[in-house]
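Participant: So here's my_file_37.cif (mmCIF, C-alpha atoms).
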data_structure
#
loop_
_atom_site.label_atom_id
_atom_site.label_comp_id
_atom_site.auth_asym_id
_atom_site.auth_seq_id
_atom_site.Cartn_x
_atom_site.Cartn_y
_atom_site.Cartn_z
CA MET A 1 259.85 54.51 -185.36
CA ARG A 2 259.17 53.02 -181.95
CA TYR A 3 259.32 56.51 -180.39
CA PHE A 4 257.07 57.86 -183.12
CA LEU A 5 254.36 55.29 -182.31
CA GLN A 6 254.72 55.17 -178.51
CA HIS A 7 255.58 58.76 -177.52
CA ARG A 8 253.05 60.27 -175.10
CA PRO A 9 252.24 63.87 -176.08
CA GLN A 10 252.71 66.32 -173.22
CA LEU A 11 249.36 68.09 -173.70
CA LEU A 12 247.40 64.84 -173.49
CA PRO A 13 247.03 65.15 -169.68
CA LEU A 14 245.39 68.53 -170.28
CA LEU A 15 242.76 66.94 -172.53
CA GLN A 16 242.29 64.18 -169.96
CA ALA A 17 241.80 66.77 -167.22
CA ALA A 18 239.12 68.42 -169.36
CA SER A 19 237.42 65.08 -169.91
CA GLN A 20 237.46 64.30 -166.16
CA ARG A 21 236.64 67.89 -165.01
CA ARG A 22 239.86 68.01 -162.98
CA LYS A 23 241.76 71.11 -161.87
CA ASP A 24 244.72 69.43 -160.18
CA LEU A 25 247.38 69.63 -162.89
CA VAL A 26 250.76 71.15 -162.04
CA VAL A 27 252.17 73.95 -164.18
CA ALA A 28 255.74 72.69 -163.67
CA ALA A 29 254.77 69.41 -165.39
CA PHE A 30 254.65 71.32 -168.70
CA ASP A 31 257.79 72.74 -170.25
CA GLU A 32 257.80 76.18 -171.83
CA ALA A 33 257.45 74.90 -175.39
CA HIS A 34 254.26 73.01 -174.54
CA VAL A 35 252.77 75.87 -172.54
CA ARG A 36 253.33 78.10 -175.55
CA TRP A 37 251.82 75.42 -177.81
CA ALA A 38 248.74 75.36 -175.57
CA LEU A 39 248.50 79.14 -175.87
CA GLU A 40 248.98 79.03 -179.65
CA THR A 41 246.31 76.39 -180.17
CA GLY A 42 243.71 78.12 -177.99
CA LEU A 43 244.09 75.85 -174.95
CA GLY A 44 245.78 78.44 -172.72
CA PRO A 45 242.60 79.28 -170.74
CA LEU A 46 241.93 75.56 -170.25
CA LEU A 47 245.46 75.01 -168.93
CA CYS A 48 245.00 77.95 -166.57
CA GLN A 49 241.75 76.44 -165.27
CA ALA A 50 243.19 72.93 -165.01
CA THR A 51 246.07 74.12 -162.78
CA GLN A 52 243.97 76.14 -160.32
CA ALA A 53 244.71 73.73 -157.48
CA ASP A 54 248.49 73.97 -158.00
CA PRO A 55 249.88 75.96 -155.03
CA GLN A 56 253.06 76.73 -156.97
CA ALA A 57 251.33 77.89 -160.16
CA ALA A 58 251.73 81.63 -159.48
CA ALA A 59 255.48 81.14 -158.93
CA SER A 60 255.98 79.85 -162.47
CA PRO A 61 257.41 82.41 -164.93
CA LEU A 62 254.82 81.10 -167.39
CA TRP A 63 251.85 81.82 -165.13
CA PRO A 64 251.37 85.45 -166.28
CA LEU A 65 251.01 84.14 -169.85
CA LEU A 66 248.36 81.63 -168.83
CA ARG A 67 246.48 84.05 -166.60
CA GLY A 68 246.61 86.71 -169.31
CA ALA A 69 245.22 84.24 -171.85
CA GLU A 70 242.33 83.38 -169.56
CA LEU A 71 241.44 87.00 -168.81
CA THR A 72 241.60 87.86 -172.51
CA ALA A 73 239.40 84.87 -173.34
CA GLN A 74 236.83 85.99 -170.75
CA VAL A 75 236.66 89.48 -172.24
CA LEU A 76 236.37 88.16 -175.82
CA ALA A 77 233.70 85.61 -174.89
CA ALA A 78 231.66 88.30 -173.13
CA GLU A 79 231.93 90.52 -176.21
CA HIS A 80 230.80 87.70 -178.52
CA PHE A 81 227.87 86.84 -176.24
CA GLU A 82 226.80 90.49 -176.02
CA ALA A 83 226.98 90.84 -179.81
CA MET A 84 224.94 87.68 -180.36
CA SER A 85 222.33 88.81 -177.84
CA GLU A 86 222.05 92.18 -179.58
CA ILE A 87 221.54 90.46 -182.94
CA LEU A 88 218.85 88.14 -181.52
CA ASP A 89 217.00 91.09 -180.00
CA ALA A 90 217.08 92.87 -183.37
CA CYS A 91 215.74 89.76 -185.13
CA LYS A 92 212.44 89.75 -183.22
CA GLY A 93 209.60 90.22 -185.68
CA HIS A 94 211.97 90.12 -188.66
CA VAL A 95 213.90 86.82 -188.71
CA PRO A 96 211.92 84.00 -187.08
CA THR A 97 214.63 81.33 -186.87
CA VAL A 98 218.32 81.77 -186.07
CA ILE A 99 220.30 78.52 -185.87
CA LEU A 100 223.48 78.85 -183.83
CA LEU A 101 226.56 77.10 -185.21
CA LYS A 102 230.06 76.19 -184.04
CA GLY A 103 231.57 78.07 -181.11
CA ILE A 104 228.72 80.42 -180.26
CA SER A 105 226.47 77.37 -179.83
CA ILE A 106 228.85 74.83 -178.33
CA SER A 107 230.53 77.16 -175.83
CA GLU A 108 227.30 77.89 -173.97
CA GLN A 109 225.68 74.50 -174.40
CA TYR A 110 228.47 72.09 -173.44
CA TYR A 111 231.55 73.86 -172.02
CA PRO A 112 231.91 74.29 -168.23
CA ALA A 113 232.80 77.94 -168.91
CA PRO A 114 232.11 79.59 -172.29
CA HIS A 115 235.47 81.38 -172.47
CA LEU A 116 237.28 78.02 -172.60
CA ARG A 117 236.04 77.71 -176.19
CA PRO A 118 237.83 80.34 -178.33
CA MET A 119 235.91 81.86 -181.25
CA ARG A 120 237.35 83.59 -184.30
CA ASP A 121 233.88 84.72 -185.37
CA ILE A 122 230.15 84.15 -184.82
CA ASP A 123 228.44 81.69 -187.13
CA PHE A 124 224.71 81.12 -187.52
CA LEU A 125 222.37 79.72 -190.14
CA VAL A 126 219.16 81.27 -191.47
CA ALA A 127 216.68 80.31 -194.17
CA GLU A 128 217.48 81.59 -197.67
CA ALA A 129 214.44 83.88 -197.55
CA ASP A 130 215.65 85.36 -194.24
CA LEU A 131 219.12 86.24 -195.52
CA PRO A 132 218.27 89.73 -196.93
CA PRO A 133 216.47 90.94 -193.75
CA MET A 134 219.28 89.51 -191.59
CA GLU A 135 221.91 91.33 -193.63
CA SER A 136 219.92 94.57 -193.37
CA LEU A 137 219.68 94.18 -189.59
CA LEU A 138 223.42 93.69 -189.29
CA LEU A 139 224.10 96.82 -191.33
CA GLU A 140 221.72 98.76 -189.05
CA LEU A 141 223.65 97.46 -186.01
CA GLY A 142 226.88 98.98 -187.34
CA TYR A 143 228.37 96.00 -189.17
CA SER A 144 229.93 96.32 -192.61
CA GLN A 145 231.19 93.88 -195.25
CA PRO A 146 234.77 94.96 -196.00
CA LEU A 147 235.53 91.85 -198.09
CA LYS A 148 232.36 91.89 -200.19
CA ARG A 149 232.70 91.38 -203.94
CA PRO A 150 229.99 90.98 -206.60
CA LEU A 151 229.20 87.48 -207.86
CA LYS A 152 230.44 86.64 -211.34
CA ALA A 153 227.95 85.60 -214.01
CA GLY A 154 226.79 82.06 -213.37
CA GLU A 155 228.66 81.85 -210.06
CA ARG A 156 226.79 80.03 -207.30
CA PRO A 157 226.35 82.03 -204.07
CA PRO A 158 228.76 80.88 -201.32
CA HIS A 159 227.50 78.94 -198.31
CA HIS A 160 227.62 82.11 -196.21
CA SER A 161 227.31 85.77 -197.05
CA SER A 162 230.39 87.95 -197.22
CA PRO A 163 231.61 88.26 -193.58
CA PHE A 164 230.33 91.19 -191.55
CA PHE A 165 232.67 93.15 -189.27
CA HIS A 166 231.86 95.47 -186.36
CA PRO A 167 234.66 98.06 -185.95
CA ARG A 168 233.96 98.85 -182.29
CA ARG A 169 233.46 95.27 -181.13
CA GLY A 170 236.14 93.86 -183.40
CA ILE A 171 233.85 90.90 -184.17
CA TRP A 172 233.28 89.06 -187.43
CA ILE A 173 229.90 87.51 -188.31
CA GLU A 174 229.23 84.79 -190.89
CA VAL A 175 225.57 84.33 -191.85
CA HIS A 176 225.21 80.85 -193.38
CA ARG A 177 222.69 79.70 -195.95
CA ARG A 178 224.22 76.18 -195.98
CA LEU A 179 226.54 74.26 -193.68
CA PHE A 180 229.29 73.68 -196.26
CA SER A 181 230.74 75.34 -199.32
CA SER A 182 229.83 73.91 -202.73
CA LEU A 183 233.56 73.18 -203.13
CA SER A 184 233.50 70.82 -200.15
CA ALA A 185 232.98 67.08 -200.42
CA PHE A 186 230.31 67.50 -197.75
CA ALA A 187 228.20 69.99 -199.72
CA THR A 188 226.15 67.28 -201.41
CA ASP A 189 226.36 64.77 -198.57
CA LYS A 190 222.87 63.62 -197.62
CA VAL A 191 223.59 64.28 -193.93
CA PHE A 192 224.12 68.00 -194.56
CA ARG A 193 221.42 68.65 -197.15
CA ARG A 194 219.00 71.36 -196.08
CA ALA A 195 216.04 68.94 -196.02
CA HIS A 196 217.82 66.63 -193.57
CA VAL A 197 219.18 69.48 -191.48
CA ALA A 198 215.60 70.76 -191.10
CA THR A 199 214.67 67.50 -189.35
CA GLN A 200 217.51 67.97 -186.86
CA LEU A 201 216.76 71.47 -185.58
CA ARG A 202 215.95 71.78 -181.90
CA PRO A 203 214.43 74.75 -180.00
CA SER A 204 216.75 76.18 -177.40
CA THR A 205 217.71 79.39 -175.61
CA PHE A 206 220.78 81.61 -175.65
CA GLN A 207 221.18 84.01 -172.73
CA GLY A 208 217.41 83.75 -172.16
CA ARG A 209 216.55 84.36 -175.82
CA GLU A 210 214.88 81.86 -178.13
CA VAL A 211 217.22 80.26 -180.67
CA THR A 212 217.53 77.02 -182.60
CA ARG A 213 220.42 74.55 -182.46
CA LEU A 214 221.45 71.41 -184.29
CA SER A 215 220.54 68.12 -182.63
CA GLU A 216 223.39 66.57 -180.66
CA GLU A 217 223.69 63.79 -183.25
CA LEU A 218 224.05 66.23 -186.15
CA GLN A 219 226.30 68.50 -184.11
CA LEU A 220 228.69 65.59 -183.53
CA VAL A 221 228.84 64.67 -187.23
CA TYR A 222 229.11 68.35 -188.26
CA SER A 223 232.02 68.93 -185.86
CA ALA A 224 233.93 65.96 -187.27
CA ALA A 225 233.27 66.97 -190.89
CA HIS A 226 234.27 70.57 -190.19
CA TRP A 227 237.49 69.30 -188.53
CA ASN A 228 238.27 67.21 -191.60
CA ARG A 229 237.61 70.09 -193.99
CA ASP A 230 239.59 72.79 -192.20
CA TYR A 231 242.54 70.97 -190.64
CA ASN A 232 245.35 68.67 -191.66
CA ILE A 233 248.51 67.55 -189.95
CA LEU A 234 250.27 70.86 -190.71
CA ASP A 235 247.32 73.27 -190.54
CA VAL A 236 246.56 72.29 -186.94
CA LEU A 237 245.74 75.54 -185.14
CA GLY A 238 242.18 75.10 -183.94
CA ALA A 239 242.14 71.35 -184.55
CA MET A 240 242.38 70.50 -180.86
CA ILE A 241 239.44 72.81 -180.16
CA ALA A 242 237.31 70.59 -182.41
CA MET A 243 238.48 67.58 -180.40
CA LEU A 244 237.59 69.40 -177.19
CA ASP A 245 234.13 70.19 -178.61
CA ILE A 246 233.49 66.46 -179.01
CA ILE A 247 234.88 65.65 -175.55
CA TYR A 248 232.50 68.13 -173.92
CA LEU A 249 229.56 67.26 -176.18
CA LEU A 250 229.75 63.56 -175.34
CA GLY A 251 230.52 64.23 -171.68
CA ASN A 252 227.93 66.93 -170.98
CA ARG A 253 224.92 65.86 -173.02
CA LYS A 254 221.70 65.70 -171.01
CA LYS A 255 220.28 62.60 -172.70
CA ALA A 256 221.56 59.50 -174.44
CA LEU A 257 222.81 59.95 -177.97
CA HIS A 258 220.80 58.15 -180.65
CA TRP A 259 223.70 56.19 -182.10
CA GLU A 260 221.45 53.93 -184.18
CA GLN A 261 219.97 56.96 -185.93
CA LEU A 262 223.40 58.51 -186.45
CA LEU A 263 224.85 55.29 -187.88
CA ALA A 264 221.90 55.00 -190.26
CA TRP A 265 222.69 58.47 -191.65
CA LEU A 266 226.31 57.55 -192.34
CA HIS A 267 225.73 54.82 -194.91
CA GLY A 268 227.49 56.23 -197.96
CA SER A 269 228.40 59.47 -196.17
CA ALA A 270 231.84 61.08 -196.42
CA ALA A 271 231.45 62.19 -192.79
CA ALA A 272 231.87 58.61 -191.52
CA LEU A 273 235.63 58.76 -192.10
CA PRO A 274 236.54 61.83 -189.98
CA LEU A 275 234.07 60.82 -187.28
CA TYR A 276 235.62 57.35 -187.05
CA LEU A 277 239.15 58.78 -186.97
CA LEU A 278 238.32 61.27 -184.20
CA LEU A 279 236.24 58.95 -182.05
CA THR A 280 238.80 56.13 -182.18
CA TYR A 281 241.60 58.55 -181.27
CA LEU A 282 239.68 60.08 -178.36
CA GLN A 283 238.61 56.62 -177.17
CA ARG A 284 242.17 55.28 -177.35
CA CYS A 285 243.33 58.20 -175.18
CA HIS A 286 240.50 57.60 -172.65
CA LEU A 287 238.98 61.01 -173.37
CA ILE A 288 235.51 59.72 -174.25
CA GLU A 289 233.48 56.55 -173.73
CA VAL A 290 231.80 55.05 -176.79
CA GLU A 291 230.47 51.51 -176.94
CA PRO A 292 232.82 49.22 -178.93
CA GLU A 293 229.87 48.07 -181.02
CA VAL A 294 229.25 51.65 -182.14
CA LEU A 295 232.86 52.00 -183.29
CA ARG A 296 232.70 48.64 -185.07
CA GLU A 297 229.57 49.72 -186.93
CA LEU A 298 231.12 53.08 -187.73
CA SER A 299 234.23 51.37 -189.12
CA LEU A 300 232.00 49.58 -191.64
CA ARG A 301 230.65 52.91 -192.91
CA GLN A 302 234.03 54.17 -194.07
CA ARG A 303 236.43 52.52 -196.51
CA ALA A 304 239.78 54.25 -195.97
CA LEU A 305 241.00 53.24 -192.52
CA GLY A 306 242.31 49.82 -191.54
CA ASN A 307 244.21 48.94 -188.38
CA LEU A 308 247.65 49.99 -189.70
CA SER A 309 246.56 53.26 -191.32
CA LEU A 310 244.53 54.14 -188.21
CA THR A 311 247.59 53.51 -186.01
CA VAL A 312 249.74 55.78 -188.18
CA LEU A 313 247.15 58.56 -188.26
CA HIS A 314 246.72 58.39 -184.47
CA ALA A 315 250.49 58.67 -184.11
CA LEU A 316 250.54 61.72 -186.39
CA ILE A 317 247.81 63.36 -184.30
CA ASP A 318 249.79 62.58 -181.14
CA ARG A 319 253.05 63.98 -182.41
CA TYR A 320 252.14 66.96 -184.55
CA LEU A 321 248.74 68.08 -183.30
CA VAL A 322 248.70 67.36 -179.57
CA ASP A 323 252.45 67.54 -178.94
CA GLY A 324 253.11 70.37 -181.40
CA ARG A 325 256.24 68.85 -182.92
CA PRO A 326 257.65 70.53 -186.06
CA PRO A 327 258.23 68.53 -189.25
CA GLY A 328 261.58 66.72 -189.40
CA PRO A 329 264.04 65.59 -192.08
CA ILE A 330 262.04 62.46 -193.05
CA LEU A 331 258.48 63.48 -192.22
CA SER A 332 259.15 66.87 -193.71
CA LEU A 333 257.03 69.86 -194.62
CA ARG A 334 256.51 68.18 -198.00
CA ASN A 335 256.08 64.57 -196.89
CA LEU A 336 253.75 65.00 -193.91
CA PRO A 337 250.67 66.26 -195.82
CA ILE A 338 251.30 63.65 -198.52
CA LEU A 339 251.25 60.87 -195.92
CA TRP A 340 248.19 62.31 -194.14
CA ASN A 341 246.13 62.94 -197.27
CA THR A 342 247.02 59.64 -198.93
CA LEU A 343 245.92 57.61 -195.92
CA LEU A 344 242.60 59.50 -195.96
CA LEU A 345 241.82 58.82 -199.61
CA PRO A 346 238.47 57.04 -200.07
CA GLY A 347 239.99 53.57 -199.64
CA PRO A 348 240.47 50.72 -199.62
CA PRO A 349 243.15 50.86 -196.88
CA TRP A 350 245.63 48.52 -198.58
CA ARG A 351 245.58 50.62 -201.73
CA ASN A 352 246.17 53.83 -199.79
CA LEU A 353 249.14 52.28 -198.00
CA LEU A 354 250.62 51.15 -201.34
CA LEU A 355 250.13 54.64 -202.76
CA VAL A 356 252.15 56.32 -199.98
CA PRO A 357 255.64 55.49 -201.37
CA TRP A 358 254.42 56.26 -204.90
CA TYR A 359 253.29 59.76 -203.91
CA LEU A 360 256.36 60.35 -201.74
CA VAL A 361 258.77 59.82 -204.65
CA PRO A 362 259.62 63.29 -205.97
CA SER A 363 258.58 64.08 -209.51
CA ARG A 364 261.19 64.99 -212.11
CA ALA A 365 260.04 68.60 -211.93
CA GLY A 366 260.41 68.49 -208.16
CA ILE A 367 263.93 67.07 -208.40
CA ARG A 368 264.94 69.73 -210.96
CA ALA A 369 263.51 72.47 -208.70
CA ARG A 370 265.45 71.15 -205.69
CA PHE A 371 268.63 70.93 -207.76
CA ALA A 372 268.15 74.50 -208.96
CA ARG A 373 267.69 75.70 -205.37
CA LEU A 374 270.83 73.82 -204.32
CA GLN A 375 272.80 75.38 -207.17
CA ALA A 376 271.57 78.84 -206.24
CA TYR A 377 272.44 78.25 -202.58
CA THR A 378 275.97 76.94 -203.29
CA GLY A 379 276.53 79.82 -205.72
CA LEU A 380 275.66 82.32 -203.01
CA ARG A 381 278.07 80.64 -200.59
CA ARG A 382 281.07 81.01 -202.92
#
What is this structure when it is put down as structure tokens?
Facilitator:
Amino acid sequence: MRYFLQHRPQLLPLLQAASQRRKDLVVAAFDEAHVRWALETGLGPLLCQATQADPQAAASPLWPLLRGAELTAQVLAAEHFEAMSEILDACKGHVPTVILLKGISISEQYYPAPHLRPMRDIDFLVAEADLPPMESLLLELGYSQPLKRPLKAGERPPHHSSPFFHPRRGIWIEVHRRLFSSLSAFATDKVFRRAHVATQLRPSTFQGREVTRLSEELQLVYSAAHWNRDYNILDVLGAMIAMLDIIYLLGNRKKALHWEQLLAWLHGSAAALPLYLLLTYLQRCHLIEVEPEVLRELSLRQRALGNLSLTVLHALIDRYLVDGRPPGPILSLRNLPILWNTLLLPGPPWRNLLLVPWYLVPSRAGIRARFARLQAYTGLRR
């Protein structure tokens, strides 16, 4: 237990180097398993950049993997940027406002080099009325919708249109009408309602073209909520990228963040919980600097996390997300998500802690299923 709480994850120095804009890490300081974990989680190009000053880097048998990851990331980023520029050019006179989301926005706005922020697709938001002309433009540009299916009677349209795919570019596009799916707890959150989002749109440019972006305050809250929706302690691929987004956003912003405004939004908001969890973790690891008073106020806007539960969740992030450890015999593939999700229930903290052993006890059906598997296994061994 002491190791579990005090172990220093090996990829933490990489995040610290990103936070401090350093390039003096040594490749030999990372073992093969952690280099491969960096590659798997999308941090390979960052590790390559952070070890540029290492005179022995090229001698490492792992260097070709890192260098290959960086070159690939540069090619993919250039392809995404070219595709987005082509779309924006086609929108002139047809779609007045294109709001960049996620990687295509953050990579250019905050990252020291856009290719350090991997992208699985391009996401942007348009007004409901602009969705049909935008879809028509994408079809004219050679995109198709291979996964498209008709809506069932009474079914609400999803928060983005069926993804578009360009066969030559190999790029997926998601055109959003809302920030979150109706199945998400954040769909009805006042922070992400269309009326509030409209107040937080800011004019900007992308590769010299006019675009719109979310305000830095909304971008921060959106990143945390998106992290909470898409990742858990087992589904971690991409989770560290969200952490890196926040590190660069808070480190590279051009003006002071309006924390008072942000805190006012979060009264009664489900987004307060993931934002508090992420900011306290990043602050504890000296990856960001946030005033203690801000964190104290933020703690009052969420109900689930007390000191003990926060300590356990930070340790889980250390061990399984940043260090890439596999589940073990006690914190197993079954038990880990139970522990994670129970501690993140909408409070109070003492109740969540008491619920952990209750949820960890296997049900009768679970015991019978395990016994049946054991019988089948022993029968095969005879």
Participant: Decode the PyMOL selection byres ((chain A and resi 243-252) around 10) for the given file into explicit residues and return them as JSON, numbers by chain.
Facilitator: {"A": [15, 16, 18, 19, 20, 21, 43, 102, 103, 106, 107, 109, 110, 111, 112, 116, 117, 216, 217, 219, 220, 221, 223, 224, 227, 238, 239, 240, 241, 242, 253, 254, 255, 256, 257, 278, 279, 281, 282, 283, 287, 288, 289, 290]}
Participant: Expressed in Å to a single decimal, how great is the separation between CA of Leu313 (chain A) and CA of Leu343 (chain A)?
Facilitator: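 These two atoms are separated by 7.8 Å.
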Participant: Any chance you could resolve the PyMOL selection byres ((chain A and resi 155-165) around 9) against this file and give the residues as a PyMOL selection string?
Facilitator: chain A and resi 125+131+135+138-139+142-149+151-154+166-167+169-182
Participant: Quick one: apply the PyMOL selection byres ((chain A and resi 235) around 12) to the file and drop the selected residues here as a PDB file with C-alpha atoms, in the coordinates of the input.
Facilitator:
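The resulting file, part_21.pdb, is reproduced below:
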ATOM      1  CA  THR A  41     246.310  76.390-180.170  1.00  0.00           C
ATOM      2  CA  TRP A 227     237.490  69.300-188.530  1.00  0.00           C
ATOM      3  CA  ASN A 228     238.270  67.210-191.600  1.00  0.00           C
ATOM      4  CA  ARG A 229     237.610  70.090-193.990  1.00  0.00           C
ATOM      5  CA  ASP A 230     239.590  72.790-192.200  1.00  0.00           C
ATOM      6  CA  TYR A 231     242.540  70.970-190.640  1.00  0.00           C
ATOM      7  CA  ASN A 232     245.350  68.670-191.660  1.00  0.00           C
ATOM      8  CA  ILE A 233     248.510  67.550-189.950  1.00  0.00           C
ATOM      9  CA  LEU A 234     250.270  70.860-190.710  1.00  0.00           C
ATOM     10  CA  VAL A 236     246.560  72.290-186.940  1.00  0.00           C
ATOM     11  CA  LEU A 237     245.740  75.540-185.140  1.00  0.00           C
ATOM     12  CA  GLY A 238     242.180  75.100-183.940  1.00  0.00           C
ATOM     13  CA  ALA A 239     242.140  71.350-184.550  1.00  0.00           C
ATOM     14  CA  MET A 240     242.380  70.500-180.860  1.00  0.00           C
ATOM     15  CA  ILE A 317     247.810  63.360-184.300  1.00  0.00           C
ATOM     16  CA  TYR A 320     252.140  66.960-184.550  1.00  0.00           C
ATOM     17  CA  LEU A 321     248.740  68.080-183.300  1.00  0.00           C
ATOM     18  CA  GLY A 324     253.110  70.370-181.400  1.00  0.00           C
ATOM     19  CA  PRO A 326     257.650  70.530-186.060  1.00  0.00           C
ATOM     20  CA  PRO A 327     258.230  68.530-189.250  1.00  0.00           C
ATOM     21  CA  LEU A 333     257.030  69.860-194.620  1.00  0.00           C
ATOM     22  CA  LEU A 336     253.750  65.000-193.910  1.00  0.00           C
ATOM     23  CA  PRO A 337     250.670  66.260-195.820  1.00  0.00           C
ATOM     24  CA  TRP A 340     248.190  62.310-194.140  1.00  0.00           C
TER      25      TRP A 340
END
Participant: Given the choices A:Ser136, A:Thr51, A:Ser105, A:Thr311, which gets closest to Asp121 (chain A) if the distance is worked out from all atoms listed in the file?
Facilitator: A:Ser105
Participant: So which residues touch Ala59 (chain A) within 12 Å, counting only C-alpha atoms, skipping near sequence neighbours fewer than 3 positions away, as JSON, numbers by chain?
Facilitator: {"A": [26, 27, 28, 54, 55, 56, 62, 63, 64]}
Participant: For a quick check of understanding, using only C-alpha atoms, which of A:Asp24, A:Glu86, A:Glu297, A:Glu70 has the smallest distance to Pro45 (chain A)?
Facilitator: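 So, comparing all the options, the nearest one is A:Glu70.
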Participant: Using only C-alpha atoms for the distances, tell me which of A:Arg351, A:Arg168, A:Arg334, A:His267 is nearest to Val191 (chain A).
Facilitator: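 Smallest distance to Val191 (chain A) is found for A:His267.
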Participant: Pick out the closest residue to Leu275 (chain A) from this set: A:Cys48, A:Ala198, A:Ala225, A:Ala315. Count all atoms listed in the file.
Facilitator: A:Ala225
Participant: Could you state the separation of CA of His94 (chain A) and CA of Leu214 (chain A) in Å, given to one decimal place?
Facilitator: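 Between these atoms lies a distance of 21.4 Å.
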Participant: Can you rebuild region 173-185 of chain A with N, CA and C atoms and give it as a tab-separated table (two decimals), in the coordinates of the input?
Facilitator:
chain	number	residue	atom	x	y	z
A	173	ILE	N	231.14	88.31	-188.26
A	173	ILE	CA	229.90	87.51	-188.31
A	173	ILE	C	229.82	86.81	-189.66
A	174	GLU	N	229.50	85.51	-189.65
A	174	GLU	CA	229.23	84.79	-190.89
A	174	GLU	C	227.79	84.27	-190.83
A	175	VAL	N	226.97	84.75	-191.76
A	175	VAL	CA	225.57	84.33	-191.85
A	175	VAL	C	225.48	83.23	-192.92
A	176	HIS	N	225.20	82.01	-192.48
A	176	HIS	CA	225.21	80.85	-193.38
A	176	HIS	C	223.84	80.63	-194.01
A	177	ARG	N	223.89	80.20	-195.28
A	177	ARG	CA	222.69	79.70	-195.95
A	177	ARG	C	222.76	78.17	-196.07
A	178	ARG	N	223.98	77.63	-195.99
A	178	ARG	CA	224.22	76.18	-195.98
A	178	ARG	C	225.35	75.89	-195.01
A	179	LEU	N	225.50	74.62	-194.64
A	179	LEU	CA	226.54	74.26	-193.68
A	179	LEU	C	227.92	74.20	-194.32
A	180	PHE	N	227.99	73.85	-195.62
A	180	PHE	CA	229.29	73.68	-196.26
A	180	PHE	C	229.31	74.36	-197.62
A	181	SER	N	230.51	74.76	-198.01
A	181	SER	CA	230.74	75.34	-199.32
A	181	SER	C	230.47	74.31	-200.41
A	182	SER	N	230.07	74.81	-201.59
A	182	SER	CA	229.83	73.91	-202.73
A	182	SER	C	231.12	73.24	-203.19
A	183	LEU	N	232.28	73.78	-202.78
A	183	LEU	CA	233.56	73.18	-203.13
A	183	LEU	C	233.94	72.04	-202.20
A	184	SER	N	233.20	71.86	-201.12
A	184	SER	CA	233.50	70.82	-200.15
A	184	SER	C	232.86	69.50	-200.55
A	185	ALA	N	233.54	68.41	-200.18
A	185	ALA	CA	232.98	67.08	-200.42
A	185	ALA	C	231.70	66.87	-199.63
